[in-house]
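Colleague: Handing you a structure now.
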Amino acid sequence: MSSLGVRVAAGERERIQTFVESVFNPLHRAEQRRWARAYLWGLLHTPGKKTPRRMAEAGLLPAGAAHGLHQFINSSTWAWEPVRRALGRTIAAHRPAYAWTVADLLIPKQGEHSVGVHRRLDQATGRIINCQRGVGLFLATGTRCFPVDWSLVLDGAWDWDDLRRRRARIPEAETGRPVGAFVLGFAAGVTAADPQLPKAPWVLNLTQRCDDASGVMAGLARRELDFVCEVDPGQIVLVGRPAPRVITVGDLMEEPHARQPHAFMRPSEHGGSKAVRVNVYAGRVRLSQRGAAKDGVSRTYHVLEQPSADSGQPARYWITSLMSRGVEEVMALARSQVGARTTVERLRERFGVLDFEGRSFPGWHHHMTMVSAAYAYQHLCGAPGAVPTPATRLSAARVEAVDRWVGAGAKGRGA
């Protein structure tokens, strides 16, 4: 691969080919798999913005390759769902599954024509921005969170404007719905669509972006999935029988003799370790009436509280179905959310998640699938993350070699 002007360790060509055969095997056409390999290579090795044109230039690909890469993402009809399931299986085969978790991704956009674009508050900056909002499913493996699946939030006119939907090629089944519905959709896909995917606990933050935390937890319980869910202090739970009290988790932990204190040491982000204090409610709770009705059975849960470390930080609360695990293990699971947010930032900085220039719903999902595959390859297969050297003119022999690598479709026939 040195003929591409990229400093690459020996054997990477073989590693990429093996990875593509594992993840993109659901693509039935060999030409589509070749373009997947080319797009994957571009995401890994193109500095700066990763558009088809820049990826073709950085890889010193033959004339017409930029058009072929664009066609593969925006016009080709390949299904992304089976590719994502294959990606999840590949990750699980390389790393022991630890937890499933979910995180948001805001993609700033200009104009109003990109699929799903709308105005939304960016909680990180406090500003209203024009953006797409993606919801990502991540598989945590203990040391890293891998993106596995994505949903695009269709707010406002994208839910009902038939003309906009036709132009963006949005399927009829795709409608506006709350984030909790996306979470339960991910859970259904993991448990029903592919039994080979790992059955790991679900770790969720239901404090800000979920309007029905009880319903989400009850939905996970119906599928017999364990969970650790961070909730607002105002989250309603039921305590006692046969006439249960209705109480918030914040008030519950303030009651006399409610807390069982636990303390342990956790590695610090800056080296060394720090003490962590956690209170566990002495009894068990059930979900609110709304959630319990959806649950269908009378399950009970633990409530955990992490007290404020100082007067400027509020206490945090979790509800978990993991009755038999230790407090330290449950809190370690809860930190999977941090790992997912870190991965989102890496996708922004390194893997081109913000760089999709098309306007269609299938194109967005194709690009997000490729970004997820590039991240997985980088961290599973030891890709060196090389940065292309300045482009130099290729000899005719090298052009021929690159053309063979991309495949017969590199002359612009698309995918």
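Identifiers for the structure tokens are assigned positionally: chains receive A, B, ... in sequence, residues are indexed from 1 per chain, and ligands are indexed from 1 in the order shown.
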Which residues are near Thr18 in chain A? Cut-off 12 Å, only C-alpha atoms, ignore same chain within fewer than 5 positions. Put them as a ChimeraX atom specification.
Modeller: /A:11-13,23-25,33,37,90,377,380-381
Colleague: Limited to N, CA and C atoms, could you put the picked residues into a file as a PDB file, in the first residue's frame?
Modeller:
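part_34.pdb was written with the following content:
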ATOM      1  N   GLY A  11       1.310  -5.673   6.103  1.00  0.00           N
ATOM      2  CA  GLY A  11       0.188  -6.547   6.450  1.00  0.00           C
ATOM      3  C   GLY A  11      -1.133  -5.835   6.592  1.00  0.00           C
ATOM      4  N   GLU A  12      -1.151  -4.486   6.517  1.00  0.00           N
ATOM      5  CA  GLU A  12      -2.445  -3.827   6.718  1.00  0.00           C
ATOM      6  C   GLU A  12      -3.416  -4.138   5.582  1.00  0.00           C
ATOM      7  N   ARG A  13      -2.897  -4.303   4.395  1.00  0.00           N
ATOM      8  CA  ARG A  13      -3.800  -4.639   3.288  1.00  0.00           C
ATOM      9  C   ARG A  13      -4.545  -5.919   3.599  1.00  0.00           C
ATOM     10  N   VAL A  23     -17.196  -8.034   8.018  1.00  0.00           N
ATOM     11  CA  VAL A  23     -18.261  -7.069   8.297  1.00  0.00           C
ATOM     12  C   VAL A  23     -19.173  -6.843   7.094  1.00  0.00           C
ATOM     13  N   PHE A  24     -18.602  -6.819   5.879  1.00  0.00           N
ATOM     14  CA  PHE A  24     -19.384  -6.464   4.702  1.00  0.00           C
ATOM     15  C   PHE A  24     -19.780  -7.688   3.869  1.00  0.00           C
ATOM     16  N   ASN A  25     -19.677  -8.846   4.444  1.00  0.00           N
ATOM     17  CA  ASN A  25     -20.129 -10.044   3.757  1.00  0.00           C
ATOM     18  C   ASN A  25     -21.610  -9.992   3.371  1.00  0.00           C
ATOM     19  N   ARG A  33     -18.546  -4.502  -2.105  1.00  0.00           N
ATOM     20  CA  ARG A  33     -17.550  -4.771  -1.062  1.00  0.00           C
ATOM     21  C   ARG A  33     -16.229  -4.079  -1.384  1.00  0.00           C
ATOM     22  N   ARG A  37     -14.388  -1.207   0.958  1.00  0.00           N
ATOM     23  CA  ARG A  37     -12.976  -1.222   1.353  1.00  0.00           C
ATOM     24  C   ARG A  37     -12.310   0.112   1.030  1.00  0.00           C
ATOM     25  N   THR A  90     -18.627  -9.006  14.949  1.00  0.00           N
ATOM     26  CA  THR A  90     -17.173  -8.942  14.818  1.00  0.00           C
ATOM     27  C   THR A  90     -16.538  -8.331  16.057  1.00  0.00           C
ATOM     28  N   TYR A 377     -12.395  -1.003  13.028  1.00  0.00           N
ATOM     29  CA  TYR A 377     -11.161  -1.515  12.436  1.00  0.00           C
ATOM     30  C   TYR A 377      -9.936  -0.903  13.110  1.00  0.00           C
ATOM     31  N   LEU A 380      -9.693  -2.559  16.651  1.00  0.00           N
ATOM     32  CA  LEU A 380      -9.667  -4.020  16.750  1.00  0.00           C
ATOM     33  C   LEU A 380      -8.477  -4.637  16.033  1.00  0.00           C
ATOM     34  N   CYS A 381      -8.102  -4.037  14.932  1.00  0.00           N
ATOM     35  CA  CYS A 381      -7.133  -4.679  14.049  1.00  0.00           C
ATOM     36  C   CYS A 381      -5.764  -4.023  14.073  1.00  0.00           C
TER      37      CYS A 381
END
Colleague: With a distance cut-off of 10 Å and only C-alpha atoms, select the neighbouring residues of Leu105 in chain A, excluding the residue or stretch itself and same-chain residues fewer than 6 positions from it, and output the selection as a tab-separated table (two decimals) with C-alpha atoms, in the first residue's frame.
Modeller:
chain	number	residue	atom	x	y	z
A	131	CYS	CA	-28.20	20.27	13.13
A	132	GLN	CA	-29.03	16.65	12.62
A	133	ARG	CA	-29.50	14.57	15.76
A	134	GLY	CA	-28.36	10.98	15.75
A	135	VAL	CA	-28.87	8.43	18.51
A	136	GLY	CA	-26.15	5.80	18.61
A	150	TRP	CA	-27.64	4.52	14.61
A	152	LEU	CA	-31.78	9.64	12.94
A	341	ARG	CA	-19.40	10.09	24.99
A	344	VAL	CA	-18.56	10.28	20.03
A	345	GLU	CA	-15.83	12.89	20.39
A	347	LEU	CA	-15.76	10.05	15.81
A	348	ARG	CA	-16.01	13.83	15.44
A	353	VAL	CA	-18.77	11.49	11.35
A	354	LEU	CA	-19.59	15.16	10.64
Colleague: Neighbours of Phe264 in chain A within 12 Å (only C-alpha atoms; same-chain residues fewer than 5 positions away dropped), as a PyMOL selection string?
Modeller: chain A and resi 273-279+326-329+331-332
Colleague: Those residues with all heavy atoms, as a CSV table (one decimal), in the first residue's frame please?
Modeller:
chain,number,residue,atom,x,y,z
A,273,SER,N,-5.7,6.9,42.3
A,273,SER,CA,-7.0,6.5,42.5
A,273,SER,C,-7.7,7.5,43.4
A,273,SER,O,-7.1,8.3,44.1
A,273,SER,CB,-7.0,5.1,43.2
A,273,SER,OG,-6.3,5.1,44.4
A,274,LYS,N,-9.1,7.4,43.5
A,274,LYS,CA,-9.8,8.3,44.3
A,274,LYS,C,-11.0,7.5,45.0
A,274,LYS,O,-11.4,6.5,44.5
A,274,LYS,CB,-10.4,9.4,43.5
A,274,LYS,CG,-11.4,9.0,42.5
A,274,LYS,CD,-11.9,10.3,41.7
A,274,LYS,CE,-13.0,9.9,40.7
A,274,LYS,NZ,-13.5,11.1,40.0
A,275,ALA,N,-11.4,8.0,46.1
A,275,ALA,CA,-12.4,7.3,46.9
A,275,ALA,C,-13.8,7.7,46.3
A,275,ALA,O,-14.0,8.8,45.9
A,275,ALA,CB,-12.4,7.7,48.4
A,276,VAL,N,-14.7,6.7,46.2
A,276,VAL,CA,-16.0,6.9,45.7
A,276,VAL,C,-17.0,6.5,46.8
A,276,VAL,O,-16.9,5.4,47.4
A,276,VAL,CB,-16.3,6.1,44.5
A,276,VAL,CG1,-17.7,6.3,44.0
A,276,VAL,CG2,-15.3,6.5,43.4
A,277,ARG,N,-18.0,7.3,47.1
A,277,ARG,CA,-19.0,7.0,48.1
A,277,ARG,C,-20.3,6.8,47.4
A,277,ARG,O,-20.7,7.6,46.6
A,277,ARG,CB,-19.1,8.1,49.2
A,277,ARG,CG,-17.9,8.3,50.1
A,277,ARG,CD,-18.2,9.2,51.2
A,277,ARG,NE,-18.6,10.5,50.7
A,277,ARG,CZ,-19.8,11.1,51.0
A,277,ARG,NH1,-20.7,10.5,51.7
A,277,ARG,NH2,-20.1,12.3,50.5
A,278,VAL,N,-21.0,5.7,47.7
A,278,VAL,CA,-22.3,5.4,47.1
A,278,VAL,C,-23.2,4.9,48.2
A,278,VAL,O,-22.8,4.1,49.0
A,278,VAL,CB,-22.2,4.3,46.0
A,278,VAL,CG1,-23.5,3.9,45.5
A,278,VAL,CG2,-21.3,4.8,44.9
A,279,ASN,N,-24.5,5.4,48.2
A,279,ASN,CA,-25.5,4.9,49.1
A,279,ASN,C,-26.5,4.0,48.3
A,279,ASN,O,-26.9,4.3,47.2
A,279,ASN,CB,-26.3,6.1,49.7
A,279,ASN,CG,-25.4,7.0,50.5
A,279,ASN,OD1,-24.5,6.5,51.3
A,279,ASN,ND2,-25.5,8.3,50.4
A,326,GLY,N,-22.1,-6.6,43.0
A,326,GLY,CA,-21.6,-5.7,44.0
A,326,GLY,C,-21.8,-4.2,43.5
A,326,GLY,O,-21.9,-3.9,42.3
A,327,VAL,N,-21.8,-3.3,44.5
A,327,VAL,CA,-22.0,-1.9,44.2
A,327,VAL,C,-20.9,-1.4,43.3
A,327,VAL,O,-21.1,-0.6,42.4
A,327,VAL,CB,-22.0,-1.1,45.5
A,327,VAL,CG1,-22.1,0.4,45.2
A,327,VAL,CG2,-23.2,-1.5,46.3
A,328,GLU,N,-19.6,-1.8,43.6
A,328,GLU,CA,-18.5,-1.3,42.8
A,328,GLU,C,-18.7,-1.7,41.3
A,328,GLU,O,-18.4,-1.0,40.4
A,328,GLU,CB,-17.2,-1.9,43.4
A,328,GLU,CG,-16.0,-1.3,42.7
A,328,GLU,CD,-14.7,-1.7,43.4
A,328,GLU,OE1,-14.7,-2.3,44.5
A,328,GLU,OE2,-13.6,-1.4,42.8
A,329,GLU,N,-19.1,-3.0,41.1
A,329,GLU,CA,-19.3,-3.4,39.7
A,329,GLU,C,-20.4,-2.7,39.0
A,329,GLU,O,-20.3,-2.3,37.8
A,329,GLU,CB,-19.6,-4.9,39.7
A,329,GLU,CG,-19.7,-5.5,38.3
A,329,GLU,CD,-19.9,-7.0,38.3
A,329,GLU,OE1,-20.0,-7.6,39.3
A,329,GLU,OE2,-20.1,-7.5,37.2
A,331,MET,N,-21.4,0.4,39.6
A,331,MET,CA,-21.0,1.7,39.3
A,331,MET,C,-19.9,1.7,38.2
A,331,MET,O,-19.8,2.7,37.4
A,331,MET,CB,-20.4,2.4,40.6
A,331,MET,CG,-21.4,2.6,41.7
A,331,MET,SD,-22.9,3.5,41.1
A,331,MET,CE,-22.1,5.1,40.7
A,332,ALA,N,-19.1,0.7,38.1
A,332,ALA,CA,-18.2,0.6,36.9
A,332,ALA,C,-19.0,0.4,35.6
A,332,ALA,O,-18.7,1.0,34.6
A,332,ALA,CB,-17.3,-0.7,37.1
Colleague: Taking 3 positions as the minimum chain separation for residues in the same chain, which residues sit within 10 Å of Gly156 in chain A when counting only C-alpha atoms? Answer as an NGL selection string.
Modeller: :A and (116-119 or 153 or 159-161 or 176)
Colleague: With N, CA, C and O atoms retained, could you export that selection as a PDB file, in the first residue's frame?
Modeller:
ATOM      1  N   GLY A 116     -33.424  15.381   8.064  1.00  0.00           N
ATOM      2  CA  GLY A 116     -33.551  15.457   9.513  1.00  0.00           C
ATOM      3  C   GLY A 116     -33.063  16.740  10.146  1.00  0.00           C
ATOM      4  O   GLY A 116     -33.137  16.880  11.365  1.00  0.00           O
ATOM      5  N   VAL A 117     -32.568  17.701   9.368  1.00  0.00           N
ATOM      6  CA  VAL A 117     -31.990  18.902   9.969  1.00  0.00           C
ATOM      7  C   VAL A 117     -33.087  19.732  10.648  1.00  0.00           C
ATOM      8  O   VAL A 117     -34.198  19.860  10.141  1.00  0.00           O
ATOM      9  N   HIS A 118     -32.776  20.257  11.811  1.00  0.00           N
ATOM     10  CA  HIS A 118     -33.706  21.099  12.561  1.00  0.00           C
ATOM     11  C   HIS A 118     -32.908  21.917  13.564  1.00  0.00           C
ATOM     12  O   HIS A 118     -31.706  21.714  13.736  1.00  0.00           O
ATOM     13  N   ARG A 119     -33.557  22.826  14.228  1.00  0.00           N
ATOM     14  CA  ARG A 119     -32.892  23.667  15.216  1.00  0.00           C
ATOM     15  C   ARG A 119     -33.082  23.058  16.594  1.00  0.00           C
ATOM     16  O   ARG A 119     -34.172  22.627  16.959  1.00  0.00           O
ATOM     17  N   VAL A 153     -33.043  11.186  14.309  1.00  0.00           N
ATOM     18  CA  VAL A 153     -34.251  11.775  14.882  1.00  0.00           C
ATOM     19  C   VAL A 153     -34.916  12.660  13.827  1.00  0.00           C
ATOM     20  O   VAL A 153     -34.285  13.576  13.286  1.00  0.00           O
ATOM     21  N   ASP A 159     -41.379  14.722   9.937  1.00  0.00           N
ATOM     22  CA  ASP A 159     -42.297  13.651  10.320  1.00  0.00           C
ATOM     23  C   ASP A 159     -43.564  13.651   9.467  1.00  0.00           C
ATOM     24  O   ASP A 159     -44.213  12.609   9.331  1.00  0.00           O
ATOM     25  N   TRP A 160     -43.919  14.807   8.874  1.00  0.00           N
ATOM     26  CA  TRP A 160     -45.208  14.872   8.184  1.00  0.00           C
ATOM     27  C   TRP A 160     -45.164  15.465   6.780  1.00  0.00           C
ATOM     28  O   TRP A 160     -46.115  15.304   6.006  1.00  0.00           O
ATOM     29  N   ASP A 161     -44.089  16.153   6.409  1.00  0.00           N
ATOM     30  CA  ASP A 161     -44.009  16.802   5.111  1.00  0.00           C
ATOM     31  C   ASP A 161     -43.663  15.760   4.037  1.00  0.00           C
ATOM     32  O   ASP A 161     -42.508  15.357   3.886  1.00  0.00           O
ATOM     33  N   GLY A 176     -41.257  10.417  13.384  1.00  0.00           N
ATOM     34  CA  GLY A 176     -40.776  11.069  14.593  1.00  0.00           C
ATOM     35  C   GLY A 176     -41.234  10.313  15.828  1.00  0.00           C
ATOM     36  O   GLY A 176     -42.389   9.888  15.910  1.00  0.00           O
TER      37      GLY A 176
END
Colleague: Which residue, A:Pro198, A:Gly272, A:Gly219, A:Gly363, has the smallest gap to Leu184 in chain A when you use only C-alpha atoms?
Modeller: A:Gly219
Colleague: Contacts of Tyr281 in chain A at 10 Å or less, counting only C-alpha atoms, minus same-chain residues fewer than 4 places along, as a ChimeraX atom specification?
Modeller: /A:249,252-255,257-261,285,301-305
Colleague: I'd like to know which of A:Val338, A:Ile170, A:Leu287, A:Ala373 is closest to Val20 in chain A, using only C-alpha atoms.
Modeller: A:Ala373
Colleague: List the spatial neighbours of Ser321 in chain A as a count of residues only - criterion: any atom at most 9 Å away, only C-alpha atoms, same-chain residues fewer than 2 positions off excluded.
Modeller: 12
Colleague: Enter the distance from CA of Leu197 in chain A to CA of Leu44 in chain A, in Å, rounded to one decimal.
Modeller: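 CA of Leu44 in chain A lies 25.8 Å from CA of Leu197 in chain A.
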Colleague: Could you pull out all residues of range 153-284 of chain A with a DSSP call of strand (DSSP E or B) and give them as a ChimeraX atom specification?
Modeller: /A:202-205,227-231,236-239,245-248,259-267,273-281
Colleague: Could you take the residues named above and write them with N, CA and C atoms, as an mmCIF file, in the first residue's frame?
Modeller:
data_model
loop_
_atom_site.group_PDB
_atom_site.id
_atom_site.type_symbol
_atom_site.label_atom_id
_atom_site.label_comp_id
_atom_site.auth_asym_id
_atom_site.auth_seq_id
_atom_site.Cartn_x
_atom_site.Cartn_y
_atom_site.Cartn_z
ATOM 1 N N TRP A 202 -27.764 -3.213 29.997
ATOM 2 C CA TRP A 202 -27.957 -1.928 29.332
ATOM 3 C C TRP A 202 -27.677 -0.805 30.320
ATOM 4 N N VAL A 203 -26.843 0.131 29.913
ATOM 5 C CA VAL A 203 -26.464 1.260 30.760
ATOM 6 C C VAL A 203 -26.953 2.527 30.064
ATOM 7 N N LEU A 204 -27.875 3.243 30.700
ATOM 8 C CA LEU A 204 -28.522 4.382 30.058
ATOM 9 C C LEU A 204 -28.549 5.594 30.974
ATOM 10 N N ASN A 205 -28.478 6.765 30.369
ATOM 11 C CA ASN A 205 -28.703 8.019 31.080
ATOM 12 C C ASN A 205 -30.083 8.526 30.674
ATOM 13 N N PHE A 227 -30.363 -3.841 33.528
ATOM 14 C CA PHE A 227 -30.035 -2.461 33.205
ATOM 15 C C PHE A 227 -29.514 -1.717 34.425
ATOM 16 N N VAL A 228 -28.771 -0.659 34.134
ATOM 17 C CA VAL A 228 -28.356 0.348 35.109
ATOM 18 C C VAL A 228 -28.713 1.681 34.483
ATOM 19 N N CYS A 229 -29.726 2.368 35.005
ATOM 20 C CA CYS A 229 -30.230 3.589 34.388
ATOM 21 C C CYS A 229 -30.094 4.769 35.338
ATOM 22 N N GLU A 230 -29.383 5.803 34.900
ATOM 23 C CA GLU A 230 -29.330 7.030 35.684
ATOM 24 C C GLU A 230 -30.634 7.790 35.480
ATOM 25 N N VAL A 231 -31.211 8.286 36.583
ATOM 26 C CA VAL A 231 -32.510 8.955 36.532
ATOM 27 C C VAL A 231 -32.437 10.279 37.282
ATOM 28 N N ILE A 236 -40.210 8.899 39.820
ATOM 29 C CA ILE A 236 -41.184 8.281 40.721
ATOM 30 C C ILE A 236 -40.950 6.776 40.811
ATOM 31 N N VAL A 237 -40.994 6.247 42.039
ATOM 32 C CA VAL A 237 -40.951 4.807 42.267
ATOM 33 C C VAL A 237 -42.019 4.453 43.297
ATOM 34 N N LEU A 238 -42.286 3.165 43.420
ATOM 35 C CA LEU A 238 -43.260 2.648 44.381
ATOM 36 C C LEU A 238 -42.525 1.867 45.459
ATOM 37 N N VAL A 239 -42.920 2.093 46.712
ATOM 38 C CA VAL A 239 -42.270 1.440 47.847
ATOM 39 C C VAL A 239 -43.325 0.786 48.711
ATOM 40 N N ARG A 245 -46.407 3.178 48.525
ATOM 41 C CA ARG A 245 -46.243 4.626 48.545
ATOM 42 C C ARG A 245 -45.626 5.086 47.239
ATOM 43 N N VAL A 246 -46.040 6.246 46.787
ATOM 44 C CA VAL A 246 -45.447 6.873 45.609
ATOM 45 C C VAL A 246 -44.469 7.927 46.093
ATOM 46 N N ILE A 247 -43.209 7.825 45.656
ATOM 47 C CA ILE A 247 -42.177 8.723 46.174
ATOM 48 C C ILE A 247 -41.087 8.902 45.115
ATOM 49 N N THR A 248 -40.421 10.028 45.153
ATOM 50 C CA THR A 248 -39.301 10.238 44.238
ATOM 51 C C THR A 248 -38.047 9.591 44.819
ATOM 52 N N ARG A 259 -30.455 4.646 53.823
ATOM 53 C CA ARG A 259 -29.187 4.481 53.121
ATOM 54 C C ARG A 259 -28.302 3.406 53.736
ATOM 55 N N GLN A 260 -27.721 2.625 52.858
ATOM 56 C CA GLN A 260 -26.638 1.731 53.243
ATOM 57 C C GLN A 260 -25.377 2.226 52.540
ATOM 58 N N PRO A 261 -24.454 2.847 53.288
ATOM 59 C CA PRO A 261 -23.288 3.468 52.645
ATOM 60 C C PRO A 261 -22.259 2.434 52.196
ATOM 61 N N HIS A 262 -21.648 2.705 51.060
ATOM 62 C CA HIS A 262 -20.556 1.890 50.528
ATOM 63 C C HIS A 262 -19.451 2.836 50.064
ATOM 64 N N ALA A 263 -18.216 2.380 50.182
ATOM 65 C CA ALA A 263 -17.074 3.168 49.718
ATOM 66 C C ALA A 263 -16.063 2.234 49.072
ATOM 67 N N PHE A 264 -15.449 2.714 48.002
ATOM 68 C CA PHE A 264 -14.418 1.925 47.325
ATOM 69 C C PHE A 264 -13.501 2.889 46.590
ATOM 70 N N MET A 265 -12.378 2.375 46.122
ATOM 71 C CA MET A 265 -11.402 3.172 45.386
ATOM 72 C C MET A 265 -11.557 2.892 43.894
ATOM 73 N N ARG A 266 -11.467 3.964 43.099
ATOM 74 C CA ARG A 266 -11.573 3.839 41.660
ATOM 75 C C ARG A 266 -10.399 4.566 41.010
ATOM 76 N N PRO A 267 -9.822 4.005 39.939
ATOM 77 C CA PRO A 267 -8.725 4.705 39.259
ATOM 78 C C PRO A 267 -9.145 6.104 38.822
ATOM 79 N N SER A 273 -5.683 6.915 42.270
ATOM 80 C CA SER A 273 -7.043 6.465 42.537
ATOM 81 C C SER A 273 -7.746 7.470 43.436
ATOM 82 N N LYS A 274 -9.055 7.378 43.466
ATOM 83 C CA LYS A 274 -9.827 8.272 44.321
ATOM 84 C C LYS A 274 -10.950 7.489 44.993
ATOM 85 N N ALA A 275 -11.375 7.980 46.137
ATOM 86 C CA ALA A 275 -12.430 7.319 46.896
ATOM 87 C C ALA A 275 -13.795 7.686 46.309
ATOM 88 N N VAL A 276 -14.670 6.697 46.240
ATOM 89 C CA VAL A 276 -16.023 6.899 45.743
ATOM 90 C C VAL A 276 -16.998 6.460 46.828
ATOM 91 N N ARG A 277 -17.965 7.306 47.136
ATOM 92 C CA ARG A 277 -19.005 6.976 48.116
ATOM 93 C C ARG A 277 -20.331 6.774 47.387
ATOM 94 N N VAL A 278 -21.004 5.682 47.712
ATOM 95 C CA VAL A 278 -22.292 5.372 47.099
ATOM 96 C C VAL A 278 -23.227 4.882 48.195
ATOM 97 N N ASN A 279 -24.457 5.381 48.171
ATOM 98 C CA ASN A 279 -25.490 4.897 49.082
ATOM 99 C C ASN A 279 -26.472 4.008 48.327
ATOM 100 N N VAL A 280 -26.843 2.907 48.940
ATOM 101 C CA VAL A 280 -27.821 1.983 48.352
ATOM 102 C C VAL A 280 -29.064 1.984 49.231
ATOM 103 N N TYR A 281 -30.231 2.109 48.598
ATOM 104 C CA TYR A 281 -31.467 2.065 49.362
ATOM 105 C C TYR A 281 -31.603 0.707 50.035
#
Colleague: Leaving out Pro233 in chain A and any residue of its chain fewer than 4 positions from it, which residues lie within 9 Å of it when counting only C-alpha atoms, given as a PDB file with C-alpha atoms, in the first residue's frame?
Modeller:
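Okay, out-v3.pdb is ready:
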ATOM      1  CA  THR A 207     -32.025  12.195  33.041  1.00  0.00           C
ATOM      2  CA  THR A 248     -39.301  10.238  44.238  1.00  0.00           C
ATOM      3  CA  VAL A 249     -35.880   8.612  44.430  1.00  0.00           C
ATOM      4  CA  GLY A 250     -34.439  11.860  45.801  1.00  0.00           C
ATOM      5  CA  ASP A 251     -36.915  11.959  48.699  1.00  0.00           C
ATOM      6  CA  ALA A 315     -26.288  14.022  43.865  1.00  0.00           C
ATOM      7  CA  ARG A 316     -26.802  11.419  41.136  1.00  0.00           C
ATOM      8  CA  TYR A 317     -29.241   8.483  41.171  1.00  0.00           C
TER       9      TYR A 317
END
Colleague: For the structure I just gave you, how does DSSP split range 21-210 of chain A - specifically, which residues are alpha helix (DSSP H)? Reply as a VMD selection string.
Modeller: chain A and resid 21 to 23 30 to 45 52 to 58 65 to 74 80 to 94 162 to 167 179 to 188
Colleague: Between CA of Lys50 in chain A and CA of Arg350 in chain A, what is the distance, to one decimal in Å?
Modeller: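 Going from CA of Lys50 in chain A over to CA of Arg350 in chain A, I get 9.4 Å.
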